[in-house]
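> Input file: model26.cif. Contents: mmCIF, C-alpha atoms.
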data_run
loop_
_atom_site.label_atom_id
_atom_site.label_comp_id
_atom_site.auth_asym_id
_atom_site.auth_seq_id
_atom_site.Cartn_x
_atom_site.Cartn_y
_atom_site.Cartn_z
CA MET O 1 16.73 4.00 57.33
CA ASN O 2 19.14 1.96 59.43
CA HIS O 3 16.25 -0.28 60.51
CA ILE O 4 15.39 -1.01 56.86
CA LYS O 5 19.03 -1.84 56.08
CA GLU O 6 19.23 -4.21 59.03
CA LYS O 7 16.04 -5.98 58.01
CA THR O 8 17.24 -6.24 54.41
CA MET O 9 20.60 -7.73 55.41
CA GLN O 10 18.91 -10.06 57.86
CA SER O 11 16.59 -11.31 55.12
CA LEU O 12 19.54 -11.71 52.74
CA PHE O 13 21.51 -13.77 55.26
CA PHE O 14 18.44 -15.90 55.97
CA LEU O 15 17.94 -16.48 52.24
CA THR O 16 21.56 -17.59 51.70
CA ALA O 17 21.28 -19.94 54.69
CA CYS O 18 18.10 -21.43 53.25
CA ILE O 19 19.79 -21.90 49.85
CA SER O 20 22.65 -23.79 51.52
CA ILE O 21 20.25 -26.03 53.44
CA ALA O 22 18.13 -26.61 50.33
CA ALA O 23 21.21 -27.62 48.33
CA VAL O 24 22.17 -30.23 50.94
CA ILE O 25 18.60 -31.55 51.06
CA LEU O 26 18.41 -31.82 47.25
CA ILE O 27 21.71 -33.70 47.12
CA CYS O 28 20.47 -36.11 49.78
CA ILE O 29 17.18 -36.65 47.94
CA PHE O 30 18.99 -37.32 44.65
CA LEU O 31 21.37 -39.83 46.26
CA PHE O 32 18.78 -41.76 48.19
CA VAL O 33 16.10 -41.78 45.48
CA ASN O 34 18.55 -43.12 42.88
CA GLY O 35 20.75 -45.25 45.13
CA ILE O 36 18.40 -47.04 47.52
CA PRO O 37 16.48 -48.98 44.80
CA ALA O 38 19.77 -50.38 43.45
CA ILE O 39 20.90 -51.41 46.93
CA ARG O 40 17.52 -53.08 47.49
CA GLU O 41 17.74 -54.92 44.14
CA ILE O 42 21.30 -56.12 44.72
CA GLY O 43 20.63 -56.93 48.37
CA ILE O 44 22.01 -54.79 51.18
CA PHE O 45 24.17 -57.62 52.55
CA ASN O 46 25.56 -58.52 49.12
CA PHE O 47 26.17 -54.86 48.35
CA LEU O 48 27.89 -53.91 51.62
CA PHE O 49 29.74 -57.13 52.37
CA GLY O 50 30.25 -58.65 48.93
CA THR O 51 33.95 -58.99 48.11
CA LYS O 52 33.68 -58.97 44.32
CA TRP O 53 33.00 -55.92 42.15
CA LYS O 54 32.43 -57.21 38.61
CA PRO O 55 29.63 -55.25 36.92
CA ALA O 56 29.93 -57.36 33.76
CA ASN O 57 28.98 -60.41 35.84
CA HIS O 58 26.37 -58.50 37.84
CA LEU O 59 28.47 -58.66 41.03
CA TYR O 60 28.33 -55.42 43.00
CA GLY O 61 30.13 -55.96 46.30
CA ILE O 62 31.74 -52.77 47.67
CA PHE O 63 33.32 -54.21 50.81
CA PRO O 64 36.87 -54.01 49.34
CA MET O 65 36.32 -50.30 48.63
CA ILE O 66 34.99 -49.70 52.15
CA VAL O 67 38.07 -51.36 53.63
CA GLY O 68 40.30 -49.45 51.23
CA SER O 69 38.75 -46.12 52.25
CA LEU O 70 39.21 -46.95 55.94
CA TYR O 71 42.84 -47.98 55.44
CA VAL O 72 43.80 -44.93 53.40
CA THR O 73 41.99 -42.47 55.68
CA ALA O 74 43.47 -43.98 58.83
CA GLY O 75 46.94 -43.92 57.28
CA ALA O 76 46.52 -40.27 56.28
CA LEU O 77 45.59 -39.35 59.86
CA ILE O 78 48.55 -41.29 61.26
CA PHE O 79 50.91 -39.34 59.01
CA GLY O 80 49.20 -35.97 58.95
CA VAL O 81 47.83 -35.32 62.44
CA PRO O 82 51.07 -35.49 64.50
CA ILE O 83 53.04 -33.51 61.92
CA GLY O 84 50.27 -30.95 61.54
CA ILE O 85 49.76 -30.34 65.26
CA LEU O 86 53.48 -30.15 66.05
CA THR O 87 54.00 -27.76 63.13
CA ALA O 88 51.17 -25.57 64.42
CA VAL O 89 52.73 -25.53 67.91
CA PHE O 90 56.09 -24.58 66.45
CA MET O 91 54.62 -21.77 64.36
CA ALA O 92 52.52 -20.38 67.20
CA ARG O 93 55.06 -20.54 70.04
CA PHE O 94 58.58 -21.36 68.86
CA CYS O 95 59.05 -20.08 65.30
CA PRO O 96 61.29 -17.02 64.58
CA LYS O 97 59.47 -14.24 62.73
CA ARG O 98 61.53 -14.51 59.54
CA LEU O 99 60.99 -18.24 59.29
CA TYR O 100 57.31 -17.85 60.20
CA ASN O 101 56.53 -15.81 57.11
CA ILE O 102 58.15 -18.44 54.89
CA LEU O 103 56.27 -21.29 56.58
CA LYS O 104 52.96 -19.45 56.45
CA PHE O 105 53.37 -18.73 52.75
CA SER O 106 54.31 -22.35 52.08
CA ILE O 107 51.24 -23.66 53.92
CA HIS O 108 48.94 -21.31 52.02
CA LEU O 109 50.58 -22.45 48.81
CA MET O 110 50.03 -26.11 49.71
CA ALA O 111 46.36 -25.41 50.37
CA GLY O 112 45.95 -23.97 46.87
CA ILE O 113 47.66 -26.77 44.93
CA PRO O 114 45.12 -28.77 42.85
CA SER O 115 44.58 -32.42 43.69
CA VAL O 116 45.82 -33.58 40.29
CA VAL O 117 49.18 -31.87 40.95
CA TYR O 118 49.46 -33.72 44.25
CA GLY O 119 48.62 -36.89 42.38
CA PHE O 120 51.29 -36.24 39.77
CA PHE O 121 53.83 -35.59 42.55
CA GLY O 122 52.85 -38.85 44.21
CA LEU O 123 53.08 -40.74 40.93
CA VAL O 124 56.52 -39.37 40.02
CA VAL O 125 58.14 -39.12 43.47
CA LEU O 126 56.31 -41.16 46.12
CA VAL O 127 55.54 -44.26 44.05
CA PRO O 128 59.21 -44.87 43.05
CA PHE O 129 60.32 -44.02 46.61
CA VAL O 130 57.98 -46.56 48.21
CA ARG O 131 58.87 -49.15 45.57
CA GLU O 132 62.61 -48.76 46.20
CA ILE O 133 62.46 -48.58 50.00
CA PHE O 134 59.63 -50.95 50.92
CA GLY O 135 59.18 -53.07 47.80
CA GLY O 136 56.04 -53.91 45.88
CA ARG O 137 54.67 -51.97 42.91
CA GLY O 138 54.74 -48.64 44.72
CA MET O 139 51.05 -47.95 44.09
CA SER O 140 49.68 -48.98 47.45
CA VAL O 141 47.86 -48.13 50.65
CA LEU O 142 51.09 -46.72 52.06
CA THR O 143 51.68 -44.37 49.13
CA ALA O 144 48.10 -43.10 49.15
CA SER O 145 48.26 -42.58 52.93
CA ILE O 146 51.46 -40.56 52.73
CA LEU O 147 50.08 -38.41 49.92
CA LEU O 148 46.78 -37.77 51.70
CA GLY O 149 48.72 -37.03 54.89
CA LEU O 150 50.51 -34.26 53.00
CA MET O 151 47.26 -32.95 51.53
CA ILE O 152 45.49 -32.56 54.89
CA LEU O 153 48.43 -30.73 56.50
CA PRO O 154 47.37 -27.17 55.50
CA THR O 155 43.92 -27.62 57.04
CA ILE O 156 45.19 -29.09 60.30
CA ILE O 157 48.08 -26.62 60.65
CA SER O 158 46.04 -23.49 59.92
CA ILE O 159 43.14 -24.29 62.25
CA SER O 160 45.38 -25.67 65.01
CA GLU O 161 47.64 -22.62 64.93
CA ALA O 162 44.66 -20.27 65.10
CA SER O 163 43.30 -22.24 68.06
CA ILE O 164 46.63 -22.12 69.91
CA ARG O 165 46.96 -18.38 69.35
CA ALA O 166 43.40 -17.88 70.61
CA VAL O 167 44.30 -19.27 74.05
CA PRO O 168 44.59 -16.36 76.54
CA GLU O 169 48.18 -15.44 77.32
CA SER O 170 47.38 -15.76 81.02
CA TYR O 171 47.39 -19.56 80.62
CA TYR O 172 50.98 -19.50 79.42
CA GLU O 173 52.04 -16.94 82.00
CA GLY O 174 50.40 -18.97 84.75
CA GLY O 175 52.47 -21.99 83.76
CA LEU O 176 55.65 -19.94 83.88
CA ALA O 177 54.64 -18.51 87.27
CA LEU O 178 54.33 -22.04 88.65
CA GLY O 179 57.91 -22.78 87.63
CA ALA O 180 57.33 -24.61 84.36
CA SER O 181 59.68 -24.13 81.44
CA HIS O 182 58.62 -22.56 78.14
CA GLU O 183 58.15 -25.97 76.55
CA LYS O 184 56.15 -27.40 79.44
CA SER O 185 53.95 -24.31 79.63
CA VAL O 186 53.13 -24.69 75.95
CA PHE O 187 52.53 -28.44 75.91
CA TYR O 188 50.86 -28.84 79.30
CA THR O 189 48.90 -25.59 79.55
CA VAL O 190 48.32 -23.91 76.18
CA LEU O 191 47.91 -27.02 74.04
CA PRO O 192 45.22 -28.67 76.22
CA ALA O 193 43.31 -25.38 76.30
CA ALA O 194 43.25 -25.35 72.48
CA LYS O 195 42.13 -28.96 72.09
CA ARG O 196 38.62 -28.13 70.82
CA GLY O 197 39.94 -26.06 67.92
CA ILE O 198 42.64 -28.62 67.16
CA PHE O 199 40.03 -31.35 67.15
CA ALA O 200 37.95 -29.33 64.68
CA GLY O 201 40.99 -29.08 62.41
CA VAL O 202 41.51 -32.84 62.57
CA VAL O 203 37.85 -33.44 61.69
CA LEU O 204 38.09 -31.14 58.66
CA GLY O 205 41.30 -32.89 57.62
CA LEU O 206 39.51 -36.22 57.98
CA GLY O 207 36.75 -34.98 55.69
CA ARG O 208 39.34 -33.94 53.11
CA ALA O 209 41.00 -37.36 53.29
CA ILE O 210 37.76 -39.32 52.90
CA GLY O 211 36.50 -37.26 49.98
CA GLU O 212 39.72 -37.03 47.99
CA THR O 213 39.55 -38.76 44.63
CA MET O 214 41.95 -37.69 41.90
CA ALA O 215 45.21 -37.88 43.85
CA VAL O 216 44.32 -41.25 45.40
CA MET O 217 43.28 -42.64 42.01
CA MET O 218 46.73 -41.84 40.61
CA VAL O 219 48.79 -43.57 43.33
CA ALA O 220 46.64 -46.26 44.98
CA GLY O 221 46.67 -48.90 42.24
CA ASN O 222 42.85 -49.02 41.90
CA GLN O 223 42.49 -52.74 42.58
CA ALA O 224 38.98 -53.69 43.71
CA VAL O 225 40.23 -56.26 46.21
CA ILE O 226 40.72 -56.26 49.97
CA PRO O 227 44.35 -55.16 50.54
CA GLY O 228 46.49 -57.83 52.17
CA ASN O 229 48.97 -55.31 53.60
CA ILE O 230 49.97 -51.65 53.33
CA LEU O 231 51.98 -52.38 50.16
CA SER O 232 48.98 -53.78 48.30
CA GLY O 233 46.99 -51.83 45.76
CA VAL O 234 43.64 -50.47 46.85
CA ARG O 235 40.51 -48.79 45.52
CA THR O 236 38.47 -46.36 47.59
CA LEU O 237 34.76 -45.58 47.37
CA THR O 238 35.36 -42.25 45.68
CA THR O 239 37.75 -43.59 43.05
CA ASN O 240 35.37 -46.43 42.30
CA ILE O 241 32.66 -43.92 41.39
CA VAL O 242 34.95 -41.74 39.28
CA LEU O 243 36.54 -44.61 37.38
CA GLU O 244 33.29 -46.17 36.19
CA MET O 245 30.60 -43.50 36.17
CA GLY O 246 31.53 -42.31 32.68
CA TYR O 247 30.53 -45.54 30.93
CA SER O 248 28.06 -47.11 33.38
CA THR O 249 24.40 -47.71 32.55
CA ASP O 250 21.28 -49.12 34.18
CA LEU O 251 21.98 -51.13 37.37
CA HIS O 252 25.70 -50.48 37.15
CA ARG O 253 25.13 -46.72 37.26
CA GLU O 254 22.60 -47.04 40.07
CA ALA O 255 25.05 -49.20 42.02
CA LEU O 256 27.64 -46.43 41.75
CA ILE O 257 25.09 -43.95 43.08
CA GLY O 258 24.43 -46.47 45.86
CA THR O 259 28.17 -46.35 46.57
CA ALA O 260 27.83 -42.59 46.95
CA VAL O 261 24.98 -43.18 49.43
CA VAL O 262 27.22 -45.48 51.48
CA LEU O 263 30.00 -42.88 51.38
CA PHE O 264 27.56 -40.18 52.52
CA VAL O 265 26.33 -42.32 55.43
CA PHE O 266 29.92 -43.30 56.21
CA ILE O 267 30.98 -39.65 56.55
CA LEU O 268 27.86 -38.86 58.58
CA ILE O 269 28.57 -41.66 61.05
CA ILE O 270 32.19 -40.59 61.44
CA ASN O 271 31.24 -36.95 62.08
CA LEU O 272 28.58 -37.92 64.63
CA SER O 273 30.99 -40.29 66.37
CA LEU O 274 33.69 -37.62 66.55
CA SER O 275 31.18 -35.08 67.86
CA LEU O 276 30.12 -37.47 70.64
CA PHE O 277 33.76 -38.19 71.44
CA ARG O 278 34.52 -34.47 71.64
CA ARG O 279 31.65 -33.97 74.08
CA LYS O 280 32.95 -36.72 76.30
CA VAL O 281 36.48 -35.32 76.19
CA ASN O 282 35.25 -31.83 77.05
#
Have the structure of the file written as structure tokens, please.

Amino acid sequence: MNHIKEKTMQSLFFLTACISIAAVILICIFLFVNGIPAIREIGIFNFLFGTKWKPANHLYGIFPMIVGSLYVTAGALIFGVPIGILTAVFMARFCPKRLYNILKFSIHLMAGIPSVVYGFFGLVVLVPFVREIFGGRGMSVLTASILLGLMILPTIISISEASIRAVPESYYEGGLALGASHEKSVFYTVLPAAKRGIFAGVVLGLGRAIGETMAVMMVAGNQAVIPGNILSGVRTLTTNIVLEMGYSTDLHREALIGTAVVLFVFILIINLSLSLFRRKVN
């Protein structure tokens, strides 16, 4: 009887794994079948490196959106990664128990807030703040980066804290035994030992930043031009698809699907590069 149950559960797990793989394969087939012909018709160089996106004039250059996505994602990591890791260290090794429960609840709450709520917060609070402090219209690369930095914090903090707590206590005790202070034992012994888990949290946060659409659309300005500085408006690949897919037809629609193909390849390259980097570090 137990043998039958084990075989049944094993088959069930295998089936769910196959469904997940099949879903990814079907998405890839849909993207490439519908997007590659448009890229070929427009011209891969004109599509990837063209600086003008004007569907009415049959100009489909997505280079400004590629640059915008890179700027916003990099800015989000600059804001979110240091804060997230240091918060995780504080919660794992320095935080009082009473304060820990409050912080943990707050982080879980942040993780459950919908993107449109983050976008509304950015529109009402961050945009006027950036406009008053730094100048410009407020809807800019800087605003989108700050907002995305806030949005990736729950992912980075949760995974980094779990990784730090998973480090054997003997590492910390060994540091103390060698005469190091509490702070040095944490930062020079425990933190390096947890680097693989922390790196995984950063990668997941990066994926959240690249794929975010609604919040960025509300605060970035949505200008299909290469941003001159961090106070300029910007449009990312994801927002470009969302803004125009509803009314697009024919080549315009296929070009948007081609944009999704570029975004897919873009994320794939980043993940592979980070995986290679992690192997070299380890």
> Can you pull out the residues contacting Phe120 in chain O? Cut-off 9 Å, using only C-alpha atoms, and skip same-chain residues under 6 positions away; I want them as a VMD selection string.
chain O and resid 215 218 to 219
> When you look at range 38-53 of chain O with a cut-off of 9 Å (counting all atoms listed in the file), what residues show up, excluding the ones that are within fewer than 6 positions of it in the same chain? I need them as a PyMOL selection string.
chain O and resi 59-64+66+224-226+251-259+262
> Looking at only C-alpha atoms, which of O:Val125, O:Leu153, O:Ile21, O:Val203 is the one that sits closest to Leu272 in chain O?
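Nearest candidate to Leu272 in chain O out of O:Val125, O:Leu153, O:Ile21, O:Val203: O:Val203.
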> Specify the axis-aligned box that encloses all atoms of range 225-230 of chain O listed in the file after padding of 4 Å on each side, stating its centre and edge lengths in Å to one decimal as AutoDock Vina command-line options.

--center_x 45.1 --center_y -54.7 --center_z 49.9 --size_x 17.7 --size_y 14.2 --size_z 15.4
> Which residues are near Met91 in chain O? Cut-off 12 Å, only C-alpha atoms, ignore same chain within fewer than 6 positions. Put them as a PDB file with C-alpha atoms, keeping the file's coordinate frame.

ATOM      1  CA  GLY O  84      50.270 -30.950  61.540  1.00  0.00           C
ATOM      2  CA  ILE O  85      49.760 -30.340  65.260  1.00  0.00           C
ATOM      3  CA  LYS O  97      59.470 -14.240  62.730  1.00  0.00           C
ATOM      4  CA  ARG O  98      61.530 -14.510  59.540  1.00  0.00           C
ATOM      5  CA  LEU O  99      60.990 -18.240  59.290  1.00  0.00           C
ATOM      6  CA  TYR O 100      57.310 -17.850  60.200  1.00  0.00           C
ATOM      7  CA  ASN O 101      56.530 -15.810  57.110  1.00  0.00           C
ATOM      8  CA  ILE O 102      58.150 -18.440  54.890  1.00  0.00           C
ATOM      9  CA  LEU O 103      56.270 -21.290  56.580  1.00  0.00           C
ATOM     10  CA  LYS O 104      52.960 -19.450  56.450  1.00  0.00           C
ATOM     11  CA  ILE O 107      51.240 -23.660  53.920  1.00  0.00           C
ATOM     12  CA  ILE O 157      48.080 -26.620  60.650  1.00  0.00           C
ATOM     13  CA  SER O 158      46.040 -23.490  59.920  1.00  0.00           C
ATOM     14  CA  ILE O 159      43.140 -24.290  62.250  1.00  0.00           C
ATOM     15  CA  SER O 160      45.380 -25.670  65.010  1.00  0.00           C
ATOM     16  CA  GLU O 161      47.640 -22.620  64.930  1.00  0.00           C
ATOM     17  CA  ALA O 162      44.660 -20.270  65.100  1.00  0.00           C
ATOM     18  CA  SER O 163      43.300 -22.240  68.060  1.00  0.00           C
ATOM     19  CA  ILE O 164      46.630 -22.120  69.910  1.00  0.00           C
ATOM     20  CA  ARG O 165      46.960 -18.380  69.350  1.00  0.00           C
TER      21      ARG O 165
END
> Could you model N, CA and C atoms for range 100-123 of chain O and present them as a PDB file, keeping the file's coordinate frame?

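Output below, filename result-v4.pdb:
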ATOM      1  N   TYR O 100      58.762 -17.723  60.145  1.00  0.00           N
ATOM      2  CA  TYR O 100      57.310 -17.850  60.200  1.00  0.00           C
ATOM      3  C   TYR O 100      56.658 -17.414  58.893  1.00  0.00           C
ATOM      4  N   ASN O 101      57.115 -16.308  58.354  1.00  0.00           N
ATOM      5  CA  ASN O 101      56.530 -15.810  57.110  1.00  0.00           C
ATOM      6  C   ASN O 101      56.719 -16.803  55.968  1.00  0.00           C
ATOM      7  N   ILE O 102      57.878 -17.446  55.937  1.00  0.00           N
ATOM      8  CA  ILE O 102      58.150 -18.440  54.890  1.00  0.00           C
ATOM      9  C   ILE O 102      57.245 -19.655  55.066  1.00  0.00           C
ATOM     10  N   LEU O 103      57.122 -20.136  56.311  1.00  0.00           N
ATOM     11  CA  LEU O 103      56.270 -21.290  56.580  1.00  0.00           C
ATOM     12  C   LEU O 103      54.807 -21.000  56.274  1.00  0.00           C
ATOM     13  N   LYS O 104      54.357 -19.816  56.669  1.00  0.00           N
ATOM     14  CA  LYS O 104      52.960 -19.450  56.450  1.00  0.00           C
ATOM     15  C   LYS O 104      52.645 -19.384  54.955  1.00  0.00           C
ATOM     16  N   PHE O 105      53.555 -18.801  54.203  1.00  0.00           N
ATOM     17  CA  PHE O 105      53.370 -18.730  52.750  1.00  0.00           C
ATOM     18  C   PHE O 105      53.360 -20.127  52.142  1.00  0.00           C
ATOM     19  N   SER O 106      54.239 -20.994  52.618  1.00  0.00           N
ATOM     20  CA  SER O 106      54.310 -22.350  52.080  1.00  0.00           C
ATOM     21  C   SER O 106      53.026 -23.131  52.361  1.00  0.00           C
ATOM     22  N   ILE O 107      52.469 -22.959  53.552  1.00  0.00           N
ATOM     23  CA  ILE O 107      51.240 -23.660  53.920  1.00  0.00           C
ATOM     24  C   ILE O 107      50.067 -23.168  53.077  1.00  0.00           C
ATOM     25  N   HIS O 108      49.983 -21.854  52.879  1.00  0.00           N
ATOM     26  CA  HIS O 108      48.940 -21.310  52.020  1.00  0.00           C
ATOM     27  C   HIS O 108      49.095 -21.815  50.587  1.00  0.00           C
ATOM     28  N   LEU O 109      50.331 -21.942  50.151  1.00  0.00           N
ATOM     29  CA  LEU O 109      50.580 -22.450  48.810  1.00  0.00           C
ATOM     30  C   LEU O 109      50.155 -23.909  48.689  1.00  0.00           C
ATOM     31  N   MET O 110      50.449 -24.711  49.710  1.00  0.00           N
ATOM     32  CA  MET O 110      50.030 -26.110  49.710  1.00  0.00           C
ATOM     33  C   MET O 110      48.515 -26.240  49.644  1.00  0.00           C
ATOM     34  N   ALA O 111      47.818 -25.352  50.348  1.00  0.00           N
ATOM     35  CA  ALA O 111      46.360 -25.410  50.370  1.00  0.00           C
ATOM     36  C   ALA O 111      45.754 -25.113  48.992  1.00  0.00           C
ATOM     37  N   GLY O 112      46.472 -24.354  48.172  1.00  0.00           N
ATOM     38  CA  GLY O 112      45.950 -23.970  46.870  1.00  0.00           C
ATOM     39  C   GLY O 112      46.366 -24.873  45.727  1.00  0.00           C
ATOM     40  N   ILE O 113      47.211 -25.865  45.994  1.00  0.00           N
ATOM     41  CA  ILE O 113      47.660 -26.770  44.930  1.00  0.00           C
ATOM     42  C   ILE O 113      46.531 -27.716  44.551  1.00  0.00           C
ATOM     43  N   PRO O 114      46.202 -27.860  43.271  1.00  0.00           N
ATOM     44  CA  PRO O 114      45.120 -28.770  42.850  1.00  0.00           C
ATOM     45  C   PRO O 114      45.446 -30.231  43.170  1.00  0.00           C
ATOM     46  N   SER O 115      44.400 -31.010  43.337  1.00  0.00           N
ATOM     47  CA  SER O 115      44.580 -32.420  43.690  1.00  0.00           C
ATOM     48  C   SER O 115      45.367 -33.183  42.630  1.00  0.00           C
ATOM     49  N   VAL O 116      45.141 -32.844  41.357  1.00  0.00           N
ATOM     50  CA  VAL O 116      45.820 -33.580  40.290  1.00  0.00           C
ATOM     51  C   VAL O 116      47.329 -33.325  40.337  1.00  0.00           C
ATOM     52  N   VAL O 117      47.749 -32.152  40.804  1.00  0.00           N
ATOM     53  CA  VAL O 117      49.180 -31.870  40.950  1.00  0.00           C
ATOM     54  C   VAL O 117      49.766 -32.715  42.071  1.00  0.00           C
ATOM     55  N   TYR O 118      49.021 -32.814  43.175  1.00  0.00           N
ATOM     56  CA  TYR O 118      49.460 -33.720  44.250  1.00  0.00           C
ATOM     57  C   TYR O 118      49.570 -35.148  43.723  1.00  0.00           C
ATOM     58  N   GLY O 119      48.587 -35.551  42.930  1.00  0.00           N
ATOM     59  CA  GLY O 119      48.620 -36.890  42.380  1.00  0.00           C
ATOM     60  C   GLY O 119      49.803 -37.124  41.474  1.00  0.00           C
ATOM     61  N   PHE O 120      50.129 -36.122  40.651  1.00  0.00           N
ATOM     62  CA  PHE O 120      51.290 -36.240  39.770  1.00  0.00           C
ATOM     63  C   PHE O 120      52.586 -36.324  40.583  1.00  0.00           C
ATOM     64  N   PHE O 121      52.674 -35.512  41.654  1.00  0.00           N
ATOM     65  CA  PHE O 121      53.830 -35.590  42.550  1.00  0.00           C
ATOM     66  C   PHE O 121      53.949 -36.980  43.172  1.00  0.00           C
ATOM     67  N   GLY O 122      52.820 -37.513  43.617  1.00  0.00           N
ATOM     68  CA  GLY O 122      52.850 -38.850  44.210  1.00  0.00           C
ATOM     69  C   GLY O 122      53.257 -39.908  43.208  1.00  0.00           C
ATOM     70  N   LEU O 123      52.773 -39.758  41.964  1.00  0.00           N
ATOM     71  CA  LEU O 123      53.080 -40.740  40.930  1.00  0.00           C
ATOM     72  C   LEU O 123      54.553 -40.711  40.544  1.00  0.00           C
TER      73      LEU O 123
END
